[in-house]
Amino acid sequence: MDDSEYGSARSIDEIDLRIINALQWSPRSTWDALAGPLGLDAATLARHWRRLEREHLAWTTITPGPRILEQVTTALLEITVMPGARNSVNEAMTGRPHAVTVEVPSAGADLLVTAATATYEQMTRLVVDDLAELPGVASIRTHVVSEWFTEGGAWRLNALGPGERGELTSAPGARRAGERRGRTTVTATDRAILSALAVDGRTPMRTLAEIAGAGAATVKRRVEALLSAEVVGLRCEFAHPAAGFAVLVTLWCTVPVGRLTATGRVVSREPEVRNCFAVIGASNLVVQAWLHSPADVPDFEARVLARCPDLTIRDRVLVLRIHKLAGHVLDRAGRKVATVPPDVWLPGGDTGVTSGA
């Protein structure tokens with residue numbers, strides 16, 4: 001995808017940030033419902049959002065819920081490629097529904113891929129029988145996630161005041177933290193619904209019903225069941241560089257095993273933290289944080305170390321580019337150019353279909 005297709009990157013202004021932050025808390029709210037908490041009329045909100053969508057600067061989508069993260073197998077893959085093969089390997093990775101996020105780190109591996117499958121056995125097949133056999137792949141180092149403390153869908157801007165956030169989270173239909181309704185089996189109809197919501201989390205119920213081939217009332221019940229069971233969530237994502245979040249840093253850390261869970265929970269409460277999870281490996285805790293500048297890295301590390309004296313940072317790596325974020329293919333400016341809906345239930349060898357932006 002040529003970056004020039006969408007022209008030069010536009011910035012995200014203060015009103016845009018407030019809208020994005022509101023949609024992070026309440027992704028499917030109507031503009032009329034958001035007008036009061038944001039202190040702006042619905043027409044203004046709709047106009048700003050249309051520009052953000054038109055310029056591919058912001059979008060709504062799905063995110064894995066705590067319940068599904070407890071059930072599926074997730075791994076961080078450090079991929080080394082042969083000379084001259086980075087572009088072809090990256091293209092292959094971004095096209096796979098199991099490769100949820102694809103990043104270019106500043107050191108170590110050539111690509112850092114977050115992958116997810118329904119079972120550990122399927123993860124083994126995905127890595128050993130599929131990805132490792134791709135032309136140009138030299139080696140893959142696999143770090144299987146043993147526990148999630150926070151993931152990207154829970155990360156929030158801080159553009160709204162506590163009162164405004166309270167109005168959004170207390171709105172009718174808003175899902176409360178910890179509200180679970182037991183285990184939910186994901187059906188073929190659910191997968192069709194989730195694929196559509198991955199492309200656009202605000203897709204109307206009527207359109208979802210047409211895509212899934214089911215009645216609107218049935219689809220509405222299924223969406224509510226998946227959300228309330230915390231199988232998935234909805235999120236508002238945006239082009240981070242356009243909003244001043246130019247740096248994503250990955251910290252590879254070591255924590256004594258007896259303190260791992262407690263430390264992970266403390267680190268995950270830092271406002272900059274996008275991802276925090278335990279892995280099986282020499283480094284047993286991985287932390288990723290959104291920052292404004294490389295100069296912010298030492299201060300962020302110092303705060304984490306002050307709060308977690310048992311933690312040792314073994315390495316820190318900047319992300320030079322994000323090719324794919326939570327299923328969305330990005331251009332160099334961080335704007336969405338296509339969507340490959342994540343589908344952990346797809347057999348490991350299948351590549352799925354890339355949907356347009």
# chains A, B, ... in the order shown; residues from 1 in each chain; ligands from 1
>>> residues_around(residues="stretch 191-201 of chain A", least_positions_apart="6", cutoff="8 Å", atoms="only C-alpha atoms", output="PyMOL selection string")
chain A and resi 27-28+59-62+208+211-212+219+223+234-235+327+339+341-343+355+357
>>> select_by_dssp(residues="stretch 73-313 of chain A", states="helix (DSSP H, G or I)", output="count of residues only")
97
>>> closest_atom_pairs(of="stretch 249-338 of chain A", to="stretch 146-170 of chain A", cutoff="10 Å", atoms="only C-alpha atoms", output="Markdown table")
| residue | atom | partner | partner_atom | distance |
| --- | --- | --- | --- | --- |
| A:Leu260 | CA | A:Glu147 | CA | 9.5 |
| A:Thr261 | CA | A:Glu147 | CA | 8.0 |
| A:Ala262 | CA | A:Phe149 | CA | 9.6 |
| A:Thr263 | CA | A:Phe149 | CA | 9.6 |
| A:Gly264 | CA | A:Phe149 | CA | 6.0 |
| A:Arg265 | CA | A:Phe149 | CA | 5.7 |
| A:Val266 | CA | A:Phe149 | CA | 9.0 |
| A:Val267 | CA | A:Phe149 | CA | 8.6 |
| A:Ser268 | CA | A:Thr150 | CA | 5.8 |
| A:Arg269 | CA | A:Thr150 | CA | 8.5 |
| A:Glu270 | CA | A:Trp155 | CA | 10.0 |
| A:Pro271 | CA | A:Trp155 | CA | 7.6 |
| A:Glu272 | CA | A:Trp155 | CA | 7.8 |
| A:Val273 | CA | A:Trp155 | CA | 7.1 |
| A:Arg274 | CA | A:Gly152 | CA | 4.7 |
| A:Asn275 | CA | A:Glu151 | CA | 4.4 |
| A:Cys276 | CA | A:Thr150 | CA | 5.3 |
| A:Phe277 | CA | A:Trp148 | CA | 4.4 |
| A:Ala278 | CA | A:Glu147 | CA | 5.1 |
| A:Val279 | CA | A:Ser146 | CA | 5.3 |
| A:Ile280 | CA | A:Ser146 | CA | 6.7 |
| A:Asn284 | CA | A:Ser146 | CA | 9.1 |
| A:Leu285 | CA | A:Glu147 | CA | 9.4 |
| A:Val286 | CA | A:Trp148 | CA | 9.9 |
| A:Val287 | CA | A:Thr150 | CA | 9.5 |
| A:Gln288 | CA | A:Gly152 | CA | 9.2 |
| A:Ala289 | CA | A:Trp155 | CA | 9.6 |
| A:Trp290 | CA | A:Trp155 | CA | 9.3 |
| A:Leu325 | CA | A:Gly152 | CA | 9.4 |
| A:Ala326 | CA | A:Gly152 | CA | 8.3 |
>>> atom_distance(atom1="atom CA of A:Asp16", atom2="atom CA of A:Leu45")
8.5 Å
>>> select_by_dssp(residues="stretch 167-272 of chain A", states="strand (DSSP E)", output="number ranges by chain")
A: 232-238, 247-254
>>> write_last_selection(atoms="C-alpha atoms", output="PDB file, in the first residue's frame")
ATOM      1  CA  VAL A 232     -14.416  -9.980  23.324  1.00  0.00           C
ATOM      2  CA  GLY A 233     -14.609  -6.271  23.905  1.00  0.00           C
ATOM      3  CA  LEU A 234     -14.920  -3.250  21.646  1.00  0.00           C
ATOM      4  CA  ARG A 235     -12.263  -0.575  21.331  1.00  0.00           C
ATOM      5  CA  CYS A 236     -11.536   2.659  19.518  1.00  0.00           C
ATOM      6  CA  GLU A 237      -8.081   2.697  17.960  1.00  0.00           C
ATOM      7  CA  PHE A 238      -6.265   5.539  16.216  1.00  0.00           C
ATOM      8  CA  VAL A 247       7.129   5.747  20.449  1.00  0.00           C
ATOM      9  CA  LEU A 248       6.223   2.212  21.442  1.00  0.00           C
ATOM     10  CA  VAL A 249       8.848   0.591  23.664  1.00  0.00           C
ATOM     11  CA  THR A 250       9.098  -3.072  24.592  1.00  0.00           C
ATOM     12  CA  LEU A 251      10.777  -4.004  27.885  1.00  0.00           C
ATOM     13  CA  TRP A 252      11.990  -7.580  28.415  1.00  0.00           C
ATOM     14  CA  CYS A 253      12.007  -8.097  32.176  1.00  0.00           C
ATOM     15  CA  THR A 254      12.769 -10.731  34.781  1.00  0.00           C
TER      16      THR A 254
END
>>> decode(residues="stretch 56-161 of chain A", atoms="C-alpha atoms", output="mmCIF file, in the first residue's frame")
data_model
loop_
_atom_site.group_PDB
_atom_site.id
_atom_site.type_symbol
_atom_site.label_atom_id
_atom_site.label_comp_id
_atom_site.auth_asym_id
_atom_site.auth_seq_id
_atom_site.Cartn_x
_atom_site.Cartn_y
_atom_site.Cartn_z
ATOM 1 C CA HIS A 56 -8.060 6.606 8.292
ATOM 2 C CA LEU A 57 -6.913 8.226 11.520
ATOM 3 C CA ALA A 58 -9.326 6.415 13.871
ATOM 4 C CA TRP A 59 -11.545 3.358 13.815
ATOM 5 C CA THR A 60 -13.560 1.113 16.104
ATOM 6 C CA THR A 61 -12.900 -2.608 16.288
ATOM 7 C CA ILE A 62 -12.925 -5.646 18.559
ATOM 8 C CA THR A 63 -10.397 -6.562 21.226
ATOM 9 C CA PRO A 64 -9.911 -9.855 23.074
ATOM 10 C CA GLY A 65 -11.762 -10.059 26.368
ATOM 11 C CA PRO A 66 -10.248 -11.430 29.595
ATOM 12 C CA ARG A 67 -12.190 -14.676 29.265
ATOM 13 C CA ILE A 68 -10.860 -15.483 25.795
ATOM 14 C CA LEU A 69 -7.298 -14.586 26.840
ATOM 15 C CA GLU A 70 -7.631 -17.213 29.554
ATOM 16 C CA GLN A 71 -8.719 -19.840 27.020
ATOM 17 C CA VAL A 72 -6.577 -19.336 23.908
ATOM 18 C CA THR A 73 -2.825 -19.666 23.406
ATOM 19 C CA THR A 74 -0.948 -16.459 22.683
ATOM 20 C CA ALA A 75 2.752 -16.162 21.861
ATOM 21 C CA LEU A 76 5.270 -13.450 21.054
ATOM 22 C CA LEU A 77 7.344 -14.542 18.065
ATOM 23 C CA GLU A 78 10.801 -13.084 17.393
ATOM 24 C CA ILE A 79 11.332 -13.745 13.694
ATOM 25 C CA THR A 80 14.681 -13.488 11.920
ATOM 26 C CA VAL A 81 14.566 -13.330 8.124
ATOM 27 C CA MET A 82 17.084 -13.974 5.398
ATOM 28 C CA PRO A 83 18.740 -11.025 3.605
ATOM 29 C CA GLY A 84 16.339 -9.299 1.237
ATOM 30 C CA ALA A 85 13.295 -11.242 2.456
ATOM 31 C CA ARG A 86 11.850 -8.851 5.040
ATOM 32 C CA ASN A 87 9.159 -7.406 2.770
ATOM 33 C CA SER A 88 7.891 -10.780 1.567
ATOM 34 C CA VAL A 89 7.875 -12.266 5.070
ATOM 35 C CA ASN A 90 6.128 -9.181 6.449
ATOM 36 C CA GLU A 91 3.474 -9.419 3.733
ATOM 37 C CA ALA A 92 2.903 -13.083 4.578
ATOM 38 C CA MET A 93 2.637 -12.327 8.296
ATOM 39 C CA THR A 94 0.257 -9.395 7.935
ATOM 40 C CA GLY A 95 -2.060 -11.555 5.809
ATOM 41 C CA ARG A 96 -2.499 -14.220 8.467
ATOM 42 C CA PRO A 97 -5.478 -13.940 10.873
ATOM 43 C CA HIS A 98 -3.436 -15.619 13.637
ATOM 44 C CA ALA A 99 -0.701 -12.966 13.426
ATOM 45 C CA VAL A 100 -2.604 -10.292 15.297
ATOM 46 C CA THR A 101 0.147 -7.675 15.547
ATOM 47 C CA VAL A 102 3.324 -7.332 13.459
ATOM 48 C CA GLU A 103 6.082 -4.920 14.525
ATOM 49 C CA VAL A 104 9.621 -4.036 13.454
ATOM 50 C CA PRO A 105 11.866 -3.829 16.540
ATOM 51 C CA SER A 106 14.987 -1.674 16.731
ATOM 52 C CA ALA A 107 17.207 -4.580 17.797
ATOM 53 C CA GLY A 108 17.262 -8.343 17.976
ATOM 54 C CA ALA A 109 14.733 -9.971 15.625
ATOM 55 C CA ASP A 110 13.640 -8.541 12.276
ATOM 56 C CA LEU A 111 9.939 -8.878 13.122
ATOM 57 C CA LEU A 112 8.061 -9.169 16.411
ATOM 58 C CA VAL A 113 4.715 -10.921 15.933
ATOM 59 C CA THR A 114 1.937 -11.431 18.454
ATOM 60 C CA ALA A 115 0.119 -14.607 17.429
ATOM 61 C CA ALA A 116 -2.949 -16.353 18.862
ATOM 62 C CA THR A 117 -4.532 -19.766 18.305
ATOM 63 C CA ALA A 118 -7.370 -21.700 19.904
ATOM 64 C CA THR A 119 -5.043 -24.307 21.471
ATOM 65 C CA TYR A 120 -1.378 -24.850 22.289
ATOM 66 C CA GLU A 121 -1.269 -27.684 19.758
ATOM 67 C CA GLN A 122 -2.477 -25.309 17.035
ATOM 68 C CA MET A 123 0.166 -22.765 18.055
ATOM 69 C CA THR A 124 2.815 -25.455 17.640
ATOM 70 C CA ARG A 125 1.532 -26.278 14.164
ATOM 71 C CA LEU A 126 1.294 -22.610 13.233
ATOM 72 C CA VAL A 127 4.910 -21.904 14.197
ATOM 73 C CA VAL A 128 6.607 -25.173 13.190
ATOM 74 C CA ASP A 129 4.592 -26.286 10.159
ATOM 75 C CA ASP A 130 3.459 -22.961 8.708
ATOM 76 C CA LEU A 131 5.425 -19.858 9.649
ATOM 77 C CA ALA A 132 8.834 -21.526 9.981
ATOM 78 C CA GLU A 133 8.428 -22.970 6.465
ATOM 79 C CA LEU A 134 7.713 -19.608 4.819
ATOM 80 C CA PRO A 135 10.315 -18.641 2.209
ATOM 81 C CA GLY A 136 12.746 -16.165 3.750
ATOM 82 C CA VAL A 137 12.187 -17.103 7.404
ATOM 83 C CA ALA A 138 15.534 -17.968 8.997
ATOM 84 C CA SER A 139 14.422 -18.651 12.576
ATOM 85 C CA ILE A 140 11.596 -18.099 15.055
ATOM 86 C CA ARG A 141 12.016 -17.716 18.794
ATOM 87 C CA THR A 142 8.693 -18.388 20.526
ATOM 88 C CA HIS A 143 7.658 -16.881 23.883
ATOM 89 C CA VAL A 144 4.335 -18.423 24.974
ATOM 90 C CA VAL A 145 2.196 -16.162 27.170
ATOM 91 C CA SER A 146 1.380 -17.738 30.545
ATOM 92 C CA GLU A 147 -0.656 -14.875 32.029
ATOM 93 C CA TRP A 148 -2.108 -11.585 30.785
ATOM 94 C CA PHE A 149 -2.204 -8.546 33.064
ATOM 95 C CA THR A 150 -3.413 -5.985 30.527
ATOM 96 C CA GLU A 151 -3.727 -5.785 26.742
ATOM 97 C CA GLY A 152 -4.013 -3.021 24.183
ATOM 98 C CA GLY A 153 -7.797 -2.816 24.211
ATOM 99 C CA ALA A 154 -7.725 -1.642 27.835
ATOM 100 C CA TRP A 155 -5.329 1.245 27.124
ATOM 101 C CA ARG A 156 -6.995 4.663 27.346
ATOM 102 C CA LEU A 157 -6.231 8.237 26.446
ATOM 103 C CA ASN A 158 -6.551 10.754 29.245
ATOM 104 C CA ALA A 159 -8.507 13.381 27.319
ATOM 105 C CA LEU A 160 -11.632 13.291 29.520
ATOM 106 C CA GLY A 161 -12.140 14.275 33.134
#
